[in-house]
Amino acid sequence: MDQKGRRKRYTKIYDLSKRYSFLEQHFPQYLFSDPQGRGLLQAVPNSFCSKIHNPCLKLQELLQQRVDQKDSIVNLVKAFTKQLINYAEIPSEVVGVTGSILVGLQTEQSDIDIVIYGRKNGLKVYQIMETLFQETIMNRYTIEELKNLWKNRGQKNQISFDNFKKIELDKQLQGTFRGTEFYIRLVPFLGENKEKYDQTLIRSAGMVELEATVSDNSNSIFTPAIYELTDIRIINSNQPFDESSLKRLYSHRGRYCELVKKGAQVRIKGKLEEIKIGTKPSFLQVYLGTNKEEFFVKKE
């Protein structure tokens, strides 16, 4: 709000720790301790919600609008999603727009943030991205653009630029479209998630650093991204544990999607968690997405 109290101004807080600090100071009611063990989370209570912004309904609304020369970012979103839908041959109803456009706060500097719902739909999009890069004006990041991405993500202390470049250059779900950055997230339908929230208990076991081999990356393109691990070699851990019980790496952060292929040798530092799903035996995972010290790199 300005000094006269008549206009609202908005800014995005990118740093996760700063987001929590801001909420703790100004809106503590939007923080809660997850009873299932996921720690302190950010969420708006249902009783405080006056409107639900649906990504798919928002895109349908935009697609039905006439071209608006005054809002070029919206025009880009419409052109971009139409190409995705046509090439992948998926229903437009499973495609959504997120980010600033979803809530009507877009500017000319906004990115194109797209979500595709359903595993089959997501796979179709992923499989046609190479064709889109070759046949349309969708482009992979240039080296200079990747360097800016590396800096903006705050990963200079987590991974060398050479390693970052090798990983990011091969990604299919990000790039630029007519000079604007785009990011695509592939999210399974709720019914496709086999790990139900109310049946999953999580216990934090501190931080761990390890080396491992990726035995399965088939779920790494989705959100959440999952990498099955084998040949675990512990480098550092807050507490001893059975290496054979550590099964996977898990993350909700888009930056950890499609990082490495099956068979890759990796080095990881992240949060160690014990997972208990229903009556099944518990297992361990490494969770990434909450700590500045974490990293996930392919060994040279």
# chains A, B, ... in the order shown; residues from 1 in each chain; ligands from 1
>>> residues_around(residues="segment 125-136 of chain A", least_positions_apart="6", cutoff="12 Å", atoms="only C-alpha atoms", output="PyMOL selection string")
chain A and resi 79-91+94-95+114-119+170-178+184-187+218+220-222+258
>>> select_by_dssp(residues="segment 128-247 of chain A", states="strand (DSSP E or B)", output="PDB file with N, CA and C atoms, in the first residue's frame")
ATOM      1  N   MET A 138      10.356 -22.087 -30.426  1.00  0.00           N
ATOM      2  CA  MET A 138      10.797 -22.438 -29.076  1.00  0.00           C
ATOM      3  C   MET A 138      12.287 -22.738 -29.134  1.00  0.00           C
ATOM      4  N   ASN A 139      13.038 -22.207 -28.196  1.00  0.00           N
ATOM      5  CA  ASN A 139      14.486 -22.377 -28.195  1.00  0.00           C
ATOM      6  C   ASN A 139      14.988 -22.860 -26.849  1.00  0.00           C
ATOM      7  N   GLN A 174      12.016 -26.534 -20.431  1.00  0.00           N
ATOM      8  CA  GLN A 174      12.305 -25.118 -20.211  1.00  0.00           C
ATOM      9  C   GLN A 174      13.036 -24.557 -21.418  1.00  0.00           C
ATOM     10  N   GLY A 175      13.002 -23.250 -21.548  1.00  0.00           N
ATOM     11  CA  GLY A 175      13.672 -22.603 -22.668  1.00  0.00           C
ATOM     12  C   GLY A 175      13.115 -21.207 -22.856  1.00  0.00           C
ATOM     13  N   THR A 176      13.138 -20.728 -24.096  1.00  0.00           N
ATOM     14  CA  THR A 176      12.587 -19.404 -24.393  1.00  0.00           C
ATOM     15  C   THR A 176      11.643 -19.495 -25.588  1.00  0.00           C
ATOM     16  N   PHE A 177      10.655 -18.612 -25.591  1.00  0.00           N
ATOM     17  CA  PHE A 177       9.671 -18.526 -26.669  1.00  0.00           C
ATOM     18  C   PHE A 177       9.519 -17.047 -27.014  1.00  0.00           C
ATOM     19  N   THR A 180      10.981 -14.861 -24.381  1.00  0.00           N
ATOM     20  CA  THR A 180      10.459 -14.971 -23.018  1.00  0.00           C
ATOM     21  C   THR A 180      10.700 -16.380 -22.486  1.00  0.00           C
ATOM     22  N   GLU A 181      11.176 -16.476 -21.247  1.00  0.00           N
ATOM     23  CA  GLU A 181      11.447 -17.782 -20.656  1.00  0.00           C
ATOM     24  C   GLU A 181      10.157 -18.549 -20.399  1.00  0.00           C
ATOM     25  N   PHE A 182      10.213 -19.867 -20.606  1.00  0.00           N
ATOM     26  CA  PHE A 182       9.062 -20.699 -20.276  1.00  0.00           C
ATOM     27  C   PHE A 182       9.500 -21.889 -19.430  1.00  0.00           C
ATOM     28  N   TYR A 183       8.568 -22.318 -18.586  1.00  0.00           N
ATOM     29  CA  TYR A 183       8.768 -23.482 -17.737  1.00  0.00           C
ATOM     30  C   TYR A 183       7.492 -24.316 -17.782  1.00  0.00           C
ATOM     31  N   ILE A 184       7.655 -25.612 -17.968  1.00  0.00           N
ATOM     32  CA  ILE A 184       6.513 -26.525 -18.023  1.00  0.00           C
ATOM     33  C   ILE A 184       6.634 -27.520 -16.875  1.00  0.00           C
ATOM     34  N   ARG A 185       5.557 -27.704 -16.131  1.00  0.00           N
ATOM     35  CA  ARG A 185       5.527 -28.699 -15.067  1.00  0.00           C
ATOM     36  C   ARG A 185       4.515 -29.781 -15.439  1.00  0.00           C
ATOM     37  N   LEU A 186       4.927 -31.025 -15.281  1.00  0.00           N
ATOM     38  CA  LEU A 186       4.066 -32.168 -15.559  1.00  0.00           C
ATOM     39  C   LEU A 186       3.595 -32.740 -14.223  1.00  0.00           C
ATOM     40  N   VAL A 187       2.303 -32.639 -13.961  1.00  0.00           N
ATOM     41  CA  VAL A 187       1.748 -33.014 -12.662  1.00  0.00           C
ATOM     42  C   VAL A 187       0.714 -34.132 -12.835  1.00  0.00           C
ATOM     43  N   THR A 200       0.552 -41.036   4.742  1.00  0.00           N
ATOM     44  CA  THR A 200       2.013 -40.950   4.695  1.00  0.00           C
ATOM     45  C   THR A 200       2.537 -40.142   5.877  1.00  0.00           C
ATOM     46  N   LEU A 201       3.406 -40.770   6.663  1.00  0.00           N
ATOM     47  CA  LEU A 201       4.054 -40.119   7.799  1.00  0.00           C
ATOM     48  C   LEU A 201       5.533 -39.928   7.491  1.00  0.00           C
ATOM     49  N   ILE A 202       6.055 -38.758   7.862  1.00  0.00           N
ATOM     50  CA  ILE A 202       7.442 -38.423   7.568  1.00  0.00           C
ATOM     51  C   ILE A 202       8.150 -38.015   8.857  1.00  0.00           C
ATOM     52  N   ARG A 203       9.346 -38.577   9.060  1.00  0.00           N
ATOM     53  CA  ARG A 203      10.159 -38.204  10.218  1.00  0.00           C
ATOM     54  C   ARG A 203      11.507 -37.704   9.733  1.00  0.00           C
ATOM     55  N   SER A 204      11.848 -36.481  10.109  1.00  0.00           N
ATOM     56  CA  SER A 204      13.128 -35.900   9.707  1.00  0.00           C
ATOM     57  C   SER A 204      14.270 -36.577  10.459  1.00  0.00           C
ATOM     58  N   ALA A 205      15.362 -36.859   9.731  1.00  0.00           N
ATOM     59  CA  ALA A 205      16.524 -37.518  10.332  1.00  0.00           C
ATOM     60  C   ALA A 205      17.793 -36.714  10.076  1.00  0.00           C
ATOM     61  N   GLY A 206      17.658 -35.398   9.944  1.00  0.00           N
ATOM     62  CA  GLY A 206      18.832 -34.553   9.767  1.00  0.00           C
ATOM     63  C   GLY A 206      19.276 -34.448   8.321  1.00  0.00           C
ATOM     64  N   MET A 207      20.512 -33.999   8.124  1.00  0.00           N
ATOM     65  CA  MET A 207      21.082 -33.840   6.791  1.00  0.00           C
ATOM     66  C   MET A 207      21.983 -35.020   6.455  1.00  0.00           C
ATOM     67  N   VAL A 208      22.108 -35.293   5.154  1.00  0.00           N
ATOM     68  CA  VAL A 208      22.977 -36.375   4.700  1.00  0.00           C
ATOM     69  C   VAL A 208      23.656 -35.972   3.391  1.00  0.00           C
ATOM     70  N   GLU A 209      24.881 -36.403   3.222  1.00  0.00           N
ATOM     71  CA  GLU A 209      25.602 -36.228   1.964  1.00  0.00           C
ATOM     72  C   GLU A 209      26.071 -37.598   1.518  1.00  0.00           C
ATOM     73  N   LEU A 210      25.848 -37.912   0.243  1.00  0.00           N
ATOM     74  CA  LEU A 210      26.141 -39.259  -0.228  1.00  0.00           C
ATOM     75  C   LEU A 210      26.450 -39.278  -1.718  1.00  0.00           C
ATOM     76  N   GLU A 211      26.975 -40.395  -2.155  1.00  0.00           N
ATOM     77  CA  GLU A 211      27.121 -40.700  -3.571  1.00  0.00           C
ATOM     78  C   GLU A 211      26.279 -41.923  -3.873  1.00  0.00           C
ATOM     79  N   ALA A 212      25.734 -41.983  -5.101  1.00  0.00           N
ATOM     80  CA  ALA A 212      24.858 -43.090  -5.453  1.00  0.00           C
ATOM     81  C   ALA A 212      24.771 -43.241  -6.963  1.00  0.00           C
ATOM     82  N   THR A 213      24.110 -44.312  -7.384  1.00  0.00           N
ATOM     83  CA  THR A 213      23.808 -44.546  -8.793  1.00  0.00           C
ATOM     84  C   THR A 213      22.301 -44.451  -8.979  1.00  0.00           C
ATOM     85  N   VAL A 214      21.868 -43.742 -10.005  1.00  0.00           N
ATOM     86  CA  VAL A 214      20.435 -43.631 -10.303  1.00  0.00           C
ATOM     87  C   VAL A 214      19.991 -44.899 -11.014  1.00  0.00           C
ATOM     88  N   SER A 215      19.107 -45.648 -10.374  1.00  0.00           N
ATOM     89  CA  SER A 215      18.642 -46.911 -10.952  1.00  0.00           C
ATOM     90  C   SER A 215      17.355 -46.748 -11.761  1.00  0.00           C
ATOM     91  N   ASP A 216      16.636 -45.650 -11.541  1.00  0.00           N
ATOM     92  CA  ASP A 216      15.387 -45.404 -12.287  1.00  0.00           C
ATOM     93  C   ASP A 216      15.096 -43.901 -12.251  1.00  0.00           C
ATOM     94  N   ASN A 217      14.969 -43.297 -13.434  1.00  0.00           N
ATOM     95  CA  ASN A 217      14.650 -41.860 -13.512  1.00  0.00           C
ATOM     96  C   ASN A 217      13.326 -41.606 -14.218  1.00  0.00           C
ATOM     97  N   SER A 218      12.491 -42.637 -14.340  1.00  0.00           N
ATOM     98  CA  SER A 218      11.260 -42.518 -15.132  1.00  0.00           C
ATOM     99  C   SER A 218      10.268 -41.511 -14.552  1.00  0.00           C
ATOM    100  N   ASN A 219      10.390 -41.202 -13.268  1.00  0.00           N
ATOM    101  CA  ASN A 219       9.495 -40.212 -12.653  1.00  0.00           C
ATOM    102  C   ASN A 219      10.178 -38.867 -12.457  1.00  0.00           C
ATOM    103  N   PHE A 222       8.367 -35.538 -13.813  1.00  0.00           N
ATOM    104  CA  PHE A 222       7.118 -35.086 -13.195  1.00  0.00           C
ATOM    105  C   PHE A 222       7.396 -34.276 -11.927  1.00  0.00           C
ATOM    106  N   ALA A 225       9.407 -34.799  -8.469  1.00  0.00           N
ATOM    107  CA  ALA A 225      10.437 -35.547  -9.194  1.00  0.00           C
ATOM    108  C   ALA A 225      11.016 -36.619  -8.266  1.00  0.00           C
ATOM    109  N   ILE A 226      11.149 -37.841  -8.797  1.00  0.00           N
ATOM    110  CA  ILE A 226      11.653 -38.954  -8.001  1.00  0.00           C
ATOM    111  C   ILE A 226      12.764 -39.669  -8.774  1.00  0.00           C
ATOM    112  N   TYR A 227      13.876 -39.914  -8.081  1.00  0.00           N
ATOM    113  CA  TYR A 227      14.984 -40.695  -8.634  1.00  0.00           C
ATOM    114  C   TYR A 227      15.228 -41.875  -7.700  1.00  0.00           C
ATOM    115  N   GLU A 228      15.091 -43.091  -8.235  1.00  0.00           N
ATOM    116  CA  GLU A 228      15.415 -44.274  -7.435  1.00  0.00           C
ATOM    117  C   GLU A 228      16.930 -44.413  -7.381  1.00  0.00           C
ATOM    118  N   LEU A 229      17.454 -44.776  -6.202  1.00  0.00           N
ATOM    119  CA  LEU A 229      18.903 -44.820  -5.988  1.00  0.00           C
ATOM    120  C   LEU A 229      19.373 -46.207  -5.578  1.00  0.00           C
ATOM    121  N   THR A 230      20.612 -46.509  -5.935  1.00  0.00           N
ATOM    122  CA  THR A 230      21.260 -47.750  -5.510  1.00  0.00           C
ATOM    123  C   THR A 230      22.743 -47.462  -5.319  1.00  0.00           C
ATOM    124  N   ASP A 231      23.479 -48.452  -4.831  1.00  0.00           N
ATOM    125  CA  ASP A 231      24.926 -48.305  -4.587  1.00  0.00           C
ATOM    126  C   ASP A 231      25.209 -47.076  -3.725  1.00  0.00           C
ATOM    127  N   ILE A 232      24.493 -46.953  -2.624  1.00  0.00           N
ATOM    128  CA  ILE A 232      24.617 -45.789  -1.738  1.00  0.00           C
ATOM    129  C   ILE A 232      25.971 -45.808  -1.028  1.00  0.00           C
ATOM    130  N   ARG A 233      26.653 -44.668  -1.024  1.00  0.00           N
ATOM    131  CA  ARG A 233      27.919 -44.517  -0.300  1.00  0.00           C
ATOM    132  C   ARG A 233      27.827 -43.241   0.539  1.00  0.00           C
ATOM    133  N   ILE A 234      27.729 -43.383   1.847  1.00  0.00           N
ATOM    134  CA  ILE A 234      27.546 -42.243   2.744  1.00  0.00           C
ATOM    135  C   ILE A 234      28.858 -41.479   2.900  1.00  0.00           C
ATOM    136  N   ILE A 235      28.791 -40.179   2.725  1.00  0.00           N
ATOM    137  CA  ILE A 235      29.943 -39.304   2.920  1.00  0.00           C
ATOM    138  C   ILE A 235      29.862 -38.617   4.277  1.00  0.00           C
ATOM    139  N   ASN A 236      28.660 -38.137   4.616  1.00  0.00           N
ATOM    140  CA  ASN A 236      28.466 -37.457   5.893  1.00  0.00           C
ATOM    141  C   ASN A 236      26.997 -37.551   6.283  1.00  0.00           C
ATOM    142  N   SER A 237      26.732 -37.788   7.570  1.00  0.00           N
ATOM    143  CA  SER A 237      25.355 -37.902   8.039  1.00  0.00           C
ATOM    144  C   SER A 237      25.286 -37.515   9.512  1.00  0.00           C
ATOM    145  N   LEU A 246      17.800 -46.708   2.259  1.00  0.00           N
ATOM    146  CA  LEU A 246      17.634 -45.454   1.513  1.00  0.00           C
ATOM    147  C   LEU A 246      17.301 -45.796   0.061  1.00  0.00           C
ATOM    148  N   LYS A 247      16.125 -45.395  -0.386  1.00  0.00           N
ATOM    149  CA  LYS A 247      15.605 -45.848  -1.669  1.00  0.00           C
ATOM    150  C   LYS A 247      15.592 -44.797  -2.766  1.00  0.00           C
TER     151      LYS A 247
END
>>> atom_distance(atom1="atom CA of Cys56 of chain A", atom2="atom CA of Gln109 of chain A")
22.2 Å
>>> closest_atom_pairs(of="segment 7-117 of chain A", to="segment 273-277 of chain A", cutoff="12 Å", atoms="only C-alpha atoms", output="tab-separated table")
residue	atom	partner	partner_atom	distance
A:Gln36	CA	A:Lys276	CA	10.1
A:Gly37	CA	A:Ile275	CA	9.5
A:Arg38	CA	A:Glu273	CA	9.5
A:Gly39	CA	A:Glu273	CA	11.2
>>> write_last_selection(atoms="C-alpha atoms", output="PDB file, in the first residue's frame")
ATOM      1  CA  GLN A  36       2.140 -35.681   8.888  1.00  0.00           C
ATOM      2  CA  GLY A  37       5.735 -34.592   9.484  1.00  0.00           C
ATOM      3  CA  ARG A  38       6.513 -32.299   6.541  1.00  0.00           C
ATOM      4  CA  GLY A  39       7.629 -29.512   8.857  1.00  0.00           C
TER       5      GLY A  39
END
>>> closest_residue(among="A:Leu272, A:Leu63, A:Ile159, A:Val74", to="Leu284 of chain A", atoms="only C-alpha atoms")
A:Leu272
>>> select_by_dssp(residues="segment 114-183 of chain A", states="helix (DSSP H, G or I)", output="PyMOL selection string")
chain A and resi 119-135+143-152+161-168
>>> write_last_selection(atoms="C-alpha atoms", output="PDB file, in the first residue's frame")
ATOM      1  CA  ARG A 119       0.798 -38.685 -16.606  1.00  0.00           C
ATOM      2  CA  LYS A 120      -0.208 -39.645 -20.156  1.00  0.00           C
ATOM      3  CA  ASN A 121      -0.691 -36.038 -21.163  1.00  0.00           C
ATOM      4  CA  GLY A 122       2.629 -35.098 -19.590  1.00  0.00           C
ATOM      5  CA  LEU A 123       4.456 -37.865 -21.445  1.00  0.00           C
ATOM      6  CA  LYS A 124       2.948 -36.737 -24.744  1.00  0.00           C
ATOM      7  CA  VAL A 125       4.195 -33.193 -24.173  1.00  0.00           C
ATOM      8  CA  TYR A 126       7.633 -34.365 -23.094  1.00  0.00           C
ATOM      9  CA  GLN A 127       8.007 -36.571 -26.156  1.00  0.00           C
ATOM     10  CA  ILE A 128       7.192 -33.776 -28.638  1.00  0.00           C
ATOM     11  CA  MET A 129       9.384 -31.088 -27.090  1.00  0.00           C
ATOM     12  CA  GLU A 130      12.405 -31.988 -29.226  1.00  0.00           C
ATOM     13  CA  THR A 131      10.255 -31.543 -32.340  1.00  0.00           C
ATOM     14  CA  LEU A 132       9.019 -28.189 -31.069  1.00  0.00           C
ATOM     15  CA  PHE A 133      12.591 -27.007 -30.508  1.00  0.00           C
ATOM     16  CA  GLN A 134      13.454 -28.002 -34.086  1.00  0.00           C
ATOM     17  CA  GLU A 135      10.326 -26.878 -35.947  1.00  0.00           C
ATOM     18  CA  ILE A 143      25.034 -20.336 -22.674  1.00  0.00           C
ATOM     19  CA  GLU A 144      24.619 -16.744 -21.529  1.00  0.00           C
ATOM     20  CA  GLU A 145      20.999 -17.357 -20.532  1.00  0.00           C
ATOM     21  CA  LEU A 146      22.061 -20.431 -18.574  1.00  0.00           C
ATOM     22  CA  LYS A 147      24.681 -18.396 -16.749  1.00  0.00           C
ATOM     23  CA  ASN A 148      21.995 -15.900 -15.691  1.00  0.00           C
ATOM     24  CA  LEU A 149      19.745 -18.779 -14.605  1.00  0.00           C
ATOM     25  CA  TRP A 150      22.577 -20.260 -12.525  1.00  0.00           C
ATOM     26  CA  LYS A 151      23.102 -16.925 -10.767  1.00  0.00           C
ATOM     27  CA  ASN A 152      19.417 -16.104 -10.308  1.00  0.00           C
ATOM     28  CA  PHE A 161      28.630 -23.576 -13.887  1.00  0.00           C
ATOM     29  CA  ASP A 162      30.234 -26.225 -16.117  1.00  0.00           C
ATOM     30  CA  ASN A 163      28.294 -28.963 -14.331  1.00  0.00           C
ATOM     31  CA  PHE A 164      25.126 -26.857 -14.278  1.00  0.00           C
ATOM     32  CA  LYS A 165      25.433 -26.179 -18.014  1.00  0.00           C
ATOM     33  CA  LYS A 166      25.818 -29.860 -18.901  1.00  0.00           C
ATOM     34  CA  ILE A 167      22.673 -30.748 -16.992  1.00  0.00           C
ATOM     35  CA  GLU A 168      20.436 -27.840 -18.007  1.00  0.00           C
TER      36      GLU A 168
END
>>> atom_distance(atom1="atom CA of Phe27 of chain A", atom2="atom CA of Thr11 of chain A")
15.5 Å
>>> closest_residue(among="A:Gln155, A:Tyr10, A:Ser17, A:Leu76", to="Gly104 of chain A", atoms="only C-alpha atoms")
A:Tyr10
>>> closest_residue(among="A:Asn75, A:Ser251, A:Gln25, A:Ser245", to="Tyr287 of chain A", atoms="only C-alpha atoms")
A:Ser251
>>> closest_residue(among="A:Tyr20, A:Glu93, A:Gly263, A:Leu40", to="Glu61 of chain A", atoms="only C-alpha atoms")
A:Glu93
>>> residues_around(residues="Pro28 of chain A", least_positions_apart="2", cutoff="12 Å", atoms="only C-alpha atoms", output="CSV table (one decimal) with C-alpha atoms, in the first residue's frame")
chain,number,residue,atom,x,y,z
A,19,ARG,CA,9.5,-16.0,2.5
A,20,TYR,CA,9.2,-17.7,5.8
A,21,SER,CA,10.7,-14.8,7.7
A,22,PHE,CA,8.2,-12.4,6.0
A,23,LEU,CA,5.2,-14.6,6.8
A,24,GLU,CA,6.4,-15.1,10.4
A,25,GLN,CA,6.6,-11.3,10.9
A,26,HIS,CA,3.5,-10.2,9.0
A,30,TYR,CA,-0.4,-18.6,6.9
A,31,LEU,CA,2.2,-20.9,8.5
A,32,PHE,CA,1.4,-24.2,10.0
A,33,SER,CA,3.2,-27.3,11.3
A,40,LEU,CA,6.6,-25.9,8.7
A,41,LEU,CA,4.5,-25.2,5.6
A,42,GLN,CA,3.0,-22.2,3.9
A,43,ALA,CA,-0.7,-22.3,3.3
A,44,VAL,CA,-3.8,-20.1,3.4
A,45,PRO,CA,-6.6,-21.6,5.6
>>> decode(residues="segment 196-220 of chain A", atoms="N, CA and C atoms", output="PDB file, in the first residue's frame")
ATOM      1  N   LYS A 196      -0.846 -41.321  -0.608  1.00  0.00           N
ATOM      2  CA  LYS A 196      -1.884 -40.416  -0.115  1.00  0.00           C
ATOM      3  C   LYS A 196      -1.364 -39.615   1.078  1.00  0.00           C
ATOM      4  N   TYR A 197      -1.748 -38.352   1.087  1.00  0.00           N
ATOM      5  CA  TYR A 197      -1.271 -37.447   2.135  1.00  0.00           C
ATOM      6  C   TYR A 197      -1.563 -37.971   3.536  1.00  0.00           C
ATOM      7  N   ASP A 198      -2.819 -38.354   3.778  1.00  0.00           N
ATOM      8  CA  ASP A 198      -3.205 -38.734   5.139  1.00  0.00           C
ATOM      9  C   ASP A 198      -2.716 -40.121   5.538  1.00  0.00           C
ATOM     10  N   GLN A 199      -2.115 -40.859   4.593  1.00  0.00           N
ATOM     11  CA  GLN A 199      -1.582 -42.185   4.895  1.00  0.00           C
ATOM     12  C   GLN A 199      -0.055 -42.188   4.975  1.00  0.00           C
ATOM     13  N   THR A 200       0.552 -41.036   4.742  1.00  0.00           N
ATOM     14  CA  THR A 200       2.013 -40.950   4.695  1.00  0.00           C
ATOM     15  C   THR A 200       2.537 -40.142   5.877  1.00  0.00           C
ATOM     16  N   LEU A 201       3.406 -40.770   6.663  1.00  0.00           N
ATOM     17  CA  LEU A 201       4.054 -40.119   7.799  1.00  0.00           C
ATOM     18  C   LEU A 201       5.533 -39.928   7.491  1.00  0.00           C
ATOM     19  N   ILE A 202       6.055 -38.758   7.862  1.00  0.00           N
ATOM     20  CA  ILE A 202       7.442 -38.423   7.568  1.00  0.00           C
ATOM     21  C   ILE A 202       8.150 -38.015   8.857  1.00  0.00           C
ATOM     22  N   ARG A 203       9.346 -38.577   9.060  1.00  0.00           N
ATOM     23  CA  ARG A 203      10.159 -38.204  10.218  1.00  0.00           C
ATOM     24  C   ARG A 203      11.507 -37.704   9.733  1.00  0.00           C
ATOM     25  N   SER A 204      11.848 -36.481  10.109  1.00  0.00           N
ATOM     26  CA  SER A 204      13.128 -35.900   9.707  1.00  0.00           C
ATOM     27  C   SER A 204      14.270 -36.577  10.459  1.00  0.00           C
ATOM     28  N   ALA A 205      15.362 -36.859   9.731  1.00  0.00           N
ATOM     29  CA  ALA A 205      16.524 -37.518  10.332  1.00  0.00           C
ATOM     30  C   ALA A 205      17.793 -36.714  10.076  1.00  0.00           C
ATOM     31  N   GLY A 206      17.658 -35.398   9.944  1.00  0.00           N
ATOM     32  CA  GLY A 206      18.832 -34.553   9.767  1.00  0.00           C
ATOM     33  C   GLY A 206      19.276 -34.448   8.321  1.00  0.00           C
ATOM     34  N   MET A 207      20.512 -33.999   8.124  1.00  0.00           N
ATOM     35  CA  MET A 207      21.082 -33.840   6.791  1.00  0.00           C
ATOM     36  C   MET A 207      21.983 -35.020   6.455  1.00  0.00           C
ATOM     37  N   VAL A 208      22.108 -35.293   5.154  1.00  0.00           N
ATOM     38  CA  VAL A 208      22.977 -36.375   4.700  1.00  0.00           C
ATOM     39  C   VAL A 208      23.656 -35.972   3.391  1.00  0.00           C
ATOM     40  N   GLU A 209      24.881 -36.403   3.222  1.00  0.00           N
ATOM     41  CA  GLU A 209      25.602 -36.228   1.964  1.00  0.00           C
ATOM     42  C   GLU A 209      26.071 -37.598   1.518  1.00  0.00           C
ATOM     43  N   LEU A 210      25.848 -37.912   0.243  1.00  0.00           N
ATOM     44  CA  LEU A 210      26.141 -39.259  -0.228  1.00  0.00           C
ATOM     45  C   LEU A 210      26.450 -39.278  -1.718  1.00  0.00           C
ATOM     46  N   GLU A 211      26.975 -40.395  -2.155  1.00  0.00           N
ATOM     47  CA  GLU A 211      27.121 -40.700  -3.571  1.00  0.00           C
ATOM     48  C   GLU A 211      26.279 -41.923  -3.873  1.00  0.00           C
ATOM     49  N   ALA A 212      25.734 -41.983  -5.101  1.00  0.00           N
ATOM     50  CA  ALA A 212      24.858 -43.090  -5.453  1.00  0.00           C
ATOM     51  C   ALA A 212      24.771 -43.241  -6.963  1.00  0.00           C
ATOM     52  N   THR A 213      24.110 -44.312  -7.384  1.00  0.00           N
ATOM     53  CA  THR A 213      23.808 -44.546  -8.793  1.00  0.00           C
ATOM     54  C   THR A 213      22.301 -44.451  -8.979  1.00  0.00           C
ATOM     55  N   VAL A 214      21.868 -43.742 -10.005  1.00  0.00           N
ATOM     56  CA  VAL A 214      20.435 -43.631 -10.303  1.00  0.00           C
ATOM     57  C   VAL A 214      19.991 -44.899 -11.014  1.00  0.00           C
ATOM     58  N   SER A 215      19.107 -45.648 -10.374  1.00  0.00           N
ATOM     59  CA  SER A 215      18.642 -46.911 -10.952  1.00  0.00           C
ATOM     60  C   SER A 215      17.355 -46.748 -11.761  1.00  0.00           C
ATOM     61  N   ASP A 216      16.636 -45.650 -11.541  1.00  0.00           N
ATOM     62  CA  ASP A 216      15.387 -45.404 -12.287  1.00  0.00           C
ATOM     63  C   ASP A 216      15.096 -43.901 -12.251  1.00  0.00           C
ATOM     64  N   ASN A 217      14.969 -43.297 -13.434  1.00  0.00           N
ATOM     65  CA  ASN A 217      14.650 -41.860 -13.512  1.00  0.00           C
ATOM     66  C   ASN A 217      13.326 -41.606 -14.218  1.00  0.00           C
ATOM     67  N   SER A 218      12.491 -42.637 -14.340  1.00  0.00           N
ATOM     68  CA  SER A 218      11.260 -42.518 -15.132  1.00  0.00           C
ATOM     69  C   SER A 218      10.268 -41.511 -14.552  1.00  0.00           C
ATOM     70  N   ASN A 219      10.390 -41.202 -13.268  1.00  0.00           N
ATOM     71  CA  ASN A 219       9.495 -40.212 -12.653  1.00  0.00           C
ATOM     72  C   ASN A 219      10.178 -38.867 -12.457  1.00  0.00           C
ATOM     73  N   SER A 220      11.339 -38.688 -13.034  1.00  0.00           N
ATOM     74  CA  SER A 220      12.089 -37.444 -12.813  1.00  0.00           C
ATOM     75  C   SER A 220      11.543 -36.268 -13.624  1.00  0.00           C
TER      76      SER A 220
END
